[in-house]
Amino acid sequence: MLEIHPGVLAKLVSALGKDEVSAPALAAHIGFDAQLTLAVLGCSHQEGGGENVPANPSLADAVGRLGTDFVRVMALSAGVRSAEGQTAWETGIRVAYLARLVAAHTRACDDELAWLAGLSHNLADYPGFSETGKPEAWLLTADPGGFVADAVRFCRASPARVKSAHALVRVLQLAVSLTYSEHVNGNVGVRASLGSLGLDVAEVERLQTEADYLAQEAIHRYPARLGAAASADGLTQAYAALARAASLQRFLDLAPDLETLSHRAALAMRALFGIGPCVVLRTEGNLLMPLPWWPAPPALAALSLPTDFVQSVLSRAAGGAGAFWQSAQTDQFPVVDAQVARLLGAETMLCEPLQIGGSTQAVLVACNAPEGTSALPNWKELLHSLAARINALQGGMAILAEAEAIPRQEVRKAVHEASNPLTIIRNYVNLLSAKFSSDQETQRDLAIIGGEIGRVAGILQVLGARHDQASAAEPGPGTWVDVNQLISELVRMSLDTLFLPNKINVQIDLDPGIGSIVTQRDQLKQVLLNLAKNAVEAMPRGGKLTFITARGEHGGQGRTVIAVQDTGPGLPEQVREQLFKPAVSTKGGEHAGLGLYISRNLVKAMGGEIECDSSAAGSTFRIYLPAAASESERRA
């Protein structure tokens with residue numbers, strides 16, 4: 001990521017730490033820094049699927065699309081501005097204000113484009129900018145018509161050269177000339193520029209005075225108070241690293257599927273490191289093949305990319321030996337690597353082994369990355385977060401493969417034993433959060449801890465889901481279970497811990513005639529507990545929960561029917577359509593929608609079915625289990 005003015009960064013990070021922050025408020029701070037402005041606009045342009053993103057004075061649309069979490073990542077990844085960079089920034093502010101006032105006064109062009117052009121006119125003077133990208137490429141994102149880029153390119157040209165050019169070019173050329181010139185009256189070039197825009201000396205002097213006042217006010221509003229950050233103590237630096245890692249992890253964790261994850265990862269690489277495009281290749285036998293869910297040129301699949309070609313940076317990275325960077329222009333670049341670079345439009349390639357499930361199964365190819373990128377802490381954080389999210393979305397396949405050899409009951413016991421202390425830890429985190437509610441730094445630290453607890457809980461849920469799915473495929477022998485008694489026990493057990501604390505009024509309507517059925521007692525108890533927890537979470541302000549048993553029919557056969565009914569707001573139609581699929585949930589956080597997925601598998605293992613009816617008056621889940629085959633069995 002490009003360096004960002006420290007005063008703007010301080011205000012931005014401070015604002016991002018508040019829950020009540022709004023996109024316009026964030027954008028108001030972002031809009032004072034050309035490089036961060038262009039980074040946000042660039043990502044917004046890319047996220048919009050190629051749509052042109054019009055220049056926006058507050059950048060609210062861009063921030064709204066990206067989300068405050070990702071803007072936080074960019075801000076926390078920014079460097080500290082040097083004295084040289086501070087001078088360049090202050091000059092850019094002065095030119096931006098004057099260009100905006102001239103554009104508004106003459107109505108020659110859009111004043112907000114003039115502001116962005118003025119703020120960006122000296123990007124090349126910022127230390128480190130030349131290593132990240134060309135100003136024209138970034139500016140085309142903000143103004144696809146190219147007039148902002150033209151204005152920046154020709155801002156120091158003579159009035160004779162810009163004569164008859166687009167008004168934005170002439171406005172910025174005038175603003176730059178006035179800012180860098182000491183005498184307006186004695187400068188022939190400035191007077192010629194004034195004439196081309198229909199301005200006289202008195203008018204421009206008034207605009208200059210107003211622009212100087214506004215610029216000075218802005219400079220005082222964003223003081224360079226982070227200038228000493230380079231010498232900050234280790235604890236401060238460690239906190240910043242933790243906050244940045246948590247923000248980046250959250251940005252990627254918001255991806256609901258692998259395709260969205262690839263898109264968000266590409267956004268992060270472009271915004272934080274100026275990298276693009278990128279592709280992920282997976283190992284299939286002795287070859288590297290593009291991942292089906294990560295966008296890649298179709299012709300890439302036609303290449304035979306071996307995993308044992310020691311001259312290839314792709315092959316060496318696939319071997320897990322480390323990261324390899326190479327320029328496409330070098331004579332030692334193998335032809336197959338050169339072909340990959342050509343297809344991706346890359347001048348350089350950074351090949352990183354991507355750790356998935358504890359072993360190298362893929363290679364991330366990042367194009368046009370500056371040399372040394374692989375050693376940056378931010379880059380390592382991004383790779384770690386990306387691999388973690390891939391594991392989560394794929395169900396942790398590599399880890400689970402090793403767990404297949406463990407008996408199912410042992411896995412379920414381990415998941416249960418680990419979940420209990422996690423719940424206790426989460427409760428204590430909540431207590432500490434309430435105790436230090438006014439301390440924002442402590443709240444952020446606790447939020448990081450809570451996020452990590454959620455991630456561990458998610459891993460446990462995936463393990464439980466996988467083994468419960470195996471249980472559904474191979475159901476064990478059942479025993480006689482008194483359904484009414486089981487429900488009564490569950491209500492008594494959960495009354496003080498689940499129902500009363502959440503203001504839930506529980507009612508049971510049990511048919512004594514259903515008797516006992518042959519089924520798996522523990523599995524049925526788990527299903528009912530999952531449904532009860534879901535119902536409680538659907539009624540955050542309290543409500544009524546009813547357990548009903550009855551005899552009925554389903555699919556032309558006699559069934560024992562168990563209904564769990566709540567008075568919540570009901571489920572949206574799009575959720576109902578895919579309710580029993582994994583990762584479908586309206587609750588967010590660690591609730592990956594696995595509870596109903598597990599419940600459905602367990603009910604099927606018991607030879608039953610589960611259905612849901614939902615409306616604005618509440619939701620009802622009905623379980624249909626095989627009834628006893630004869631009256632004698634019912635009596636037994």
# chains A, B, ... in the order shown; residues from 1 in each chain; ligands from 1
>>> select_by_dssp(residues="segment 176-403 of chain A", states="alpha helix (DSSP H)", output="PyMOL selection string")
chain A and resi 176-180+188-196+201-221+234-253+258-273+313-318+335-344+377-393+397-403
>>> residues_around(residues="Arg264 of chain A", least_positions_apart="6", cutoff="8 Å", atoms="only C-alpha atoms", output="JSON, numbers by chain")
{"A": [251, 252, 255]}
>>> closest_residue(among="A:Leu303, A:Leu38, A:Leu16, A:Leu393", to="Thr260 of chain A", atoms="only C-alpha atoms")
A:Leu393
>>> residues_around(residues="Asp150 of chain A", least_positions_apart="3", cutoff="12 Å", atoms="only C-alpha atoms", output="ChimeraX atom specification")
/A:113-114,117-118,120-121,135-137,139-140,143-147,153-157,162,165-173
>>> closest_residue(among="A:Ser516, A:Ser488, A:Thr442, A:Ser193", to="Ser158 of chain A", atoms="only C-alpha atoms")
A:Ser193
>>> residues_around(residues="segment 305-312 of chain A", least_positions_apart="6", cutoff="6 Å", atoms="only C-alpha atoms", output="number ranges by chain")
A: 286-288
>>> residues_around(residues="Met289 of chain A", least_positions_apart="2", cutoff="9 Å", atoms="only C-alpha atoms", output="PyMOL selection string")
chain A and resi 280-284+287+291-292+300-301+303-305
>>> residues_around(residues="segment 22-37 of chain A", least_positions_apart="2", cutoff="6 Å", atoms="only C-alpha atoms", output="ChimeraX atom specification")
/A:39-40,58-60,63-64,119-120
>>> write_last_selection(atoms="N, CA and C atoms", output="mmCIF file, in the first residue's frame")
data_model
loop_
_atom_site.group_PDB
_atom_site.id
_atom_site.type_symbol
_atom_site.label_atom_id
_atom_site.label_comp_id
_atom_site.auth_asym_id
_atom_site.auth_seq_id
_atom_site.Cartn_x
_atom_site.Cartn_y
_atom_site.Cartn_z
ATOM 1 N N ALA A 39 -6.779 4.501 -4.178
ATOM 2 C CA ALA A 39 -6.805 3.078 -3.836
ATOM 3 C C ALA A 39 -8.230 2.612 -3.589
ATOM 4 N N VAL A 40 -8.994 3.410 -2.844
ATOM 5 C CA VAL A 40 -10.382 3.046 -2.561
ATOM 6 C C VAL A 40 -11.214 3.067 -3.844
ATOM 7 N N SER A 58 -17.463 12.762 -1.789
ATOM 8 C CA SER A 58 -17.266 12.167 -0.464
ATOM 9 C C SER A 58 -16.795 10.724 -0.524
ATOM 10 N N LEU A 59 -16.786 10.145 -1.690
ATOM 11 C CA LEU A 59 -16.395 8.745 -1.883
ATOM 12 C C LEU A 59 -17.279 7.802 -1.088
ATOM 13 N N ALA A 60 -18.469 8.258 -0.702
ATOM 14 C CA ALA A 60 -19.347 7.434 0.124
ATOM 15 C C ALA A 60 -19.715 6.134 -0.582
ATOM 16 N N VAL A 63 -16.709 3.709 -0.354
ATOM 17 C CA VAL A 63 -16.549 3.158 0.992
ATOM 18 C C VAL A 63 -17.674 2.177 1.290
ATOM 19 N N GLY A 64 -18.889 2.540 0.846
ATOM 20 C CA GLY A 64 -20.017 1.659 1.078
ATOM 21 C C GLY A 64 -19.849 0.316 0.397
ATOM 22 N N LEU A 119 -5.308 17.480 -5.943
ATOM 23 C CA LEU A 119 -4.736 16.671 -4.866
ATOM 24 C C LEU A 119 -3.712 15.677 -5.408
ATOM 25 N N SER A 120 -3.894 15.273 -6.674
ATOM 26 C CA SER A 120 -3.037 14.236 -7.260
ATOM 27 C C SER A 120 -1.945 14.794 -8.166
#
>>> residues_around(residues="Val8 of chain A", least_positions_apart="3", cutoff="6 Å", atoms="only C-alpha atoms", output="list in words")
His5, Lys11 and Tyr222 of chain A
>>> atom_distance(atom1="atom CA of Leu531 of chain A", atom2="atom CA of Met606 of chain A")
16.5 Å
>>> atom_distance(atom1="atom CA of Leu528 of chain A", atom2="atom CA of Asp509 of chain A")
14.9 Å
